[in-house]
Every structure is written in C-alpha cells, then in structure tokens.
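Novice: Dropping a structure here in structure tokens format, bear with me for questions.
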Amino acid sequence: MNITDLHTHTCLSDGSLTPEALLAEAQKRGCGLGISDHAFCCNMYTLEDIRNYLQRISQLPVLRGLECNIGEDYSLPGELDAQVDYVIASVHAMAGPRGEKYPLGDFFCYESHLTQEESVSYCERMFDEYAEATLKMAEQTFRTQRADIYGHALVVPFYARRRGTPEAFDFENAVISLCRRYHLALEISGLWESTNEGMIRRARAADVKFTFGSDCHLAKDACNLTRAVALAERCGLVQEDFFLPIRK
C-alpha cells in the first residue's frame, strides 16, 4: 500500500520544520506528502498569506492542502481555492449549547503529552449537550463550505472522558454519518487516538474513505505514521479504501 501523509504542518503556520525539511523527512520514511498548514490562524491570517503559502509549496513535489477550523468561515475566492488540492476540516474549539466556543489548545497539548495537566473550560455534566452542539457545528460547516477530510474527529474532551461508553459509540457513528453524507474522508492519525478499530470497520462498511495524517508540528513527529498504518492493516484496509487528492 502506498502511504501518503496528508496532515502536516510547517513553519509557515505553527510547525517547526521548513517545507523543504518536511519533504526530506517524508522521503526518508518513503511516503508521499501533502502539506496542510492552518488557514486563518497561526501566522497565516489573510488571503495574501494563503496565496504566498501556496506559491511557496507549489515549488515542491507535494500536495497542497489547508487545515481549516470547523465552525469558522474559511471560504476562499475561486482563483485561490483552485490552487488548493484538499481541505482538512477539524474541530479546534468545542461548541457549547448556547453558541459559545471553548478553544482546545490546552487540551491538545495535554493529549499530545506537551503538558501534564488538562486545562479546558467546560462543564463535565454537559457532555451530551456539547456533543450535540459540536456535531451541529460540524454539519453546518460541511454543508456550506469545502471540506475533503474530517481531521482528528474524536479528539475532543467529551469523547476522551466517555471513551468506550454507549455515548461515545453514538458519537463515532454520528461522525461516520457526516463523512458519508458529505463525502468526506476520515483521517487515521499517527499522533492522536482519533479513530479506533471498530469505528474504522463501521466506516468502511458505510463506504467512507480514509486518509493518513501525522499531524506533525515537531520534527520528531514528522511523517510518523507507524501507529496509523498498523491500525489500518489490522482493519484490512487496502489502497482502494483511501482518498488521495490530485495535484492541480
């Protein structure tokens, strides 16, 4: 199976490696590469920033992607959108039932072992309300904006606390349903526990496609897909089960 890492970050947003250094790491590991730096945040705030980013990575033999925030307007003008090979849409703020949003930066640092304590502003007894609100936020985004890949779909606090429960199972199935309805690929992450074997098997049965993503920000994580590939192989996934964008 040919492996392509589609979820990566460089120093052009909040990663540590240059695009050239990241490409060298991908070549060392023998995998294809897509670069998907953050749009409208993390040093890339304006359309001109995005245009410069796309011009920079267009000089390299990589797929040109963006990671965008579910729940925000990240639409691009047609001429700029046409230069983007794929869009990863990911939750970076948890939605509250009254429309409030809780940024998940601290939670991500905790989950990736960069900090020792979880510091997230949410009310534990309202897990179900948060889940429903977040899924509604995701559906609104997928219905109105471009998205090709659902990034680290389960890396949200209410799922982490409910992992293995009927509520978590229902959330997984809701994610699968969104992927199927809006023709999104489901990311299998090398960094996060963002899918599990049962979910992957159910998604495959629903004709959902998959992608690999290291979500690397640090050099040590660059194109490290060992866990993700092993999980895919246990589930019996083959090349045809994966979505691979075409370089425009």
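To be explicit about the labels: the chains of the structure tokens are called A, B, and onward in the order shown, and within each one the residues are counted from 1, while ligands get numbers from 1 in the order they are shown.
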With only C-alpha atoms as the counted atoms, please give the residues lying no more than 6 Å from A:Arg64, apart from itself and same-chain residues fewer than 6 positions off, as a ChimeraX atom specification.
Specialist: /A:34-35,84-85
Novice: Output C-alpha atoms for every residue in that selection, as a PDB file, in the first residue's frame.
Specialist:
ATOM      1  CA  GLY A  34       0.793  16.740   1.481  1.00  0.00           C
ATOM      2  CA  ILE A  35       1.384  19.970   3.404  1.00  0.00           C
ATOM      3  CA  VAL A  84      -5.743  24.010  -3.094  1.00  0.00           C
ATOM      4  CA  ASP A  85      -5.661  20.258  -3.684  1.00  0.00           C
TER       5      ASP A  85
END
Novice: Listing only residues of stretch 4-90 of chain A within 6 Å of stretch 209-227 of chain A, what is the closest atom pair and its distance in Å (to one decimal) for each, using only C-alpha atoms, sorted by chain and residue number ascending, as JSON lines?
Specialist:
{"residue": "A:Asp5", "atom": "CA", "partner": "A:Gly213", "partner_atom": "CA", "distance": 4.9}
{"residue": "A:Leu6", "atom": "CA", "partner": "A:Gly213", "partner_atom": "CA", "distance": 5.2}
{"residue": "A:His7", "atom": "CA", "partner": "A:Gly213", "partner_atom": "CA", "distance": 4.3}
{"residue": "A:Thr8", "atom": "CA", "partner": "A:Asp215", "partner_atom": "CA", "distance": 4.8}
{"residue": "A:His9", "atom": "CA", "partner": "A:His217", "partner_atom": "CA", "distance": 5.4}
{"residue": "A:Gly15", "atom": "CA", "partner": "A:His217", "partner_atom": "CA", "distance": 4.1}
{"residue": "A:Ser16", "atom": "CA", "partner": "A:Leu218", "partner_atom": "CA", "distance": 5.5}
{"residue": "A:Ala26", "atom": "CA", "partner": "A:Cys223", "partner_atom": "CA", "distance": 5.8}
Novice: Would you kindly return, as a count of residues only, each protein, DNA or RNA residue with an atom no farther than 9 Å from any atom of A:Leu47, considering only C-alpha atoms and excluding same-chain residues fewer than 6 positions away?
Specialist: 4
Novice: Give me, please, the distance in Å between atom CA of A:Thr4 and atom CA of A:Gln239, quoted to one decimal.
Specialist: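 Value for the atom CA of A:Thr4-atom CA of A:Gln239 distance: 10.9 Å.
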Novice: Applying 9 Å and only C-alpha atoms, which residues near A:Asp207 remain after dropping the ones on its own chain fewer than 4 positions away? List them as number ranges by chain.
Specialist: A: 180, 202-203, 241
Novice: Among stretch 52-139 of chain A, which residues does DSSP mark as strand (DSSP E or B) when it is run on the backbone? Keep the chain and numbering as in the structure and answer as a list in words.
Specialist: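 Selecting the strand (DSSP E or B) positions of stretch 52-139 of chain A gives Leu63, Arg64, Gly65, Leu66, Glu67, Cys68, Asn69, Tyr86, Val87, Ile88, Ala89, Ser90, Ala93, Met94, Ala95, Lys101, Tyr102 and Pro103 of chain A.
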Novice: Could you check the closest approach to A:Leu12 for each of A:Leu154, A:Leu135, A:Arg146, A:Leu54 and tell me which residue wins, using only C-alpha atoms?
Specialist: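 Looking only at the distances to A:Leu12, the closest residue turns out to be A:Leu54.
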Novice: Using only C-alpha atoms, find the one residue out of A:Glu20, A:Glu79, A:Asp73, A:Asp128 that sits nearest to A:Arg56.
Specialist: A:Glu20
Novice: Under the rule that only C-alpha atoms are counted, which of A:Asn196, A:Ser177, A:Ser189, A:Gln83 is the nearest residue to A:Ile50?
Specialist: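 For A:Ile50, the nearest of the candidates is A:Gln83.
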Novice: Tell me, in Å to one decimal, how far atom CA of A:Asn69 is from atom CA of A:Gly32.
Specialist: 24.4 Å
Novice: From the list A:Ala95, A:Ala147, A:Cys109, A:Ala138, which residue is nearest A:Met126 when using only C-alpha atoms?
Specialist: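 Checking each candidate against A:Met126, we get A:Ala95 as the closest.
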Novice: Quick one: of A:Cys41, A:Ala89, A:Leu66, A:Ala160, who's nearest to A:Cys179, counting only C-alpha atoms?
Specialist: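 For A:Cys179, the nearest of the candidates is A:Ala89.
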Novice: When you count only C-alpha atoms, which of these residues is closest to A:Val91: A:Arg51, A:His152, A:Lys136, A:Lys248?
Specialist: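 When distances to A:Val91 are compared using only C-alpha atoms, the smallest one comes from A:His152.
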Novice: One decimal, in Å: what's the spacing between atom CA of A:Val62 and atom CA of A:Leu33?
Specialist: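 So the answer is 5.4 Å.
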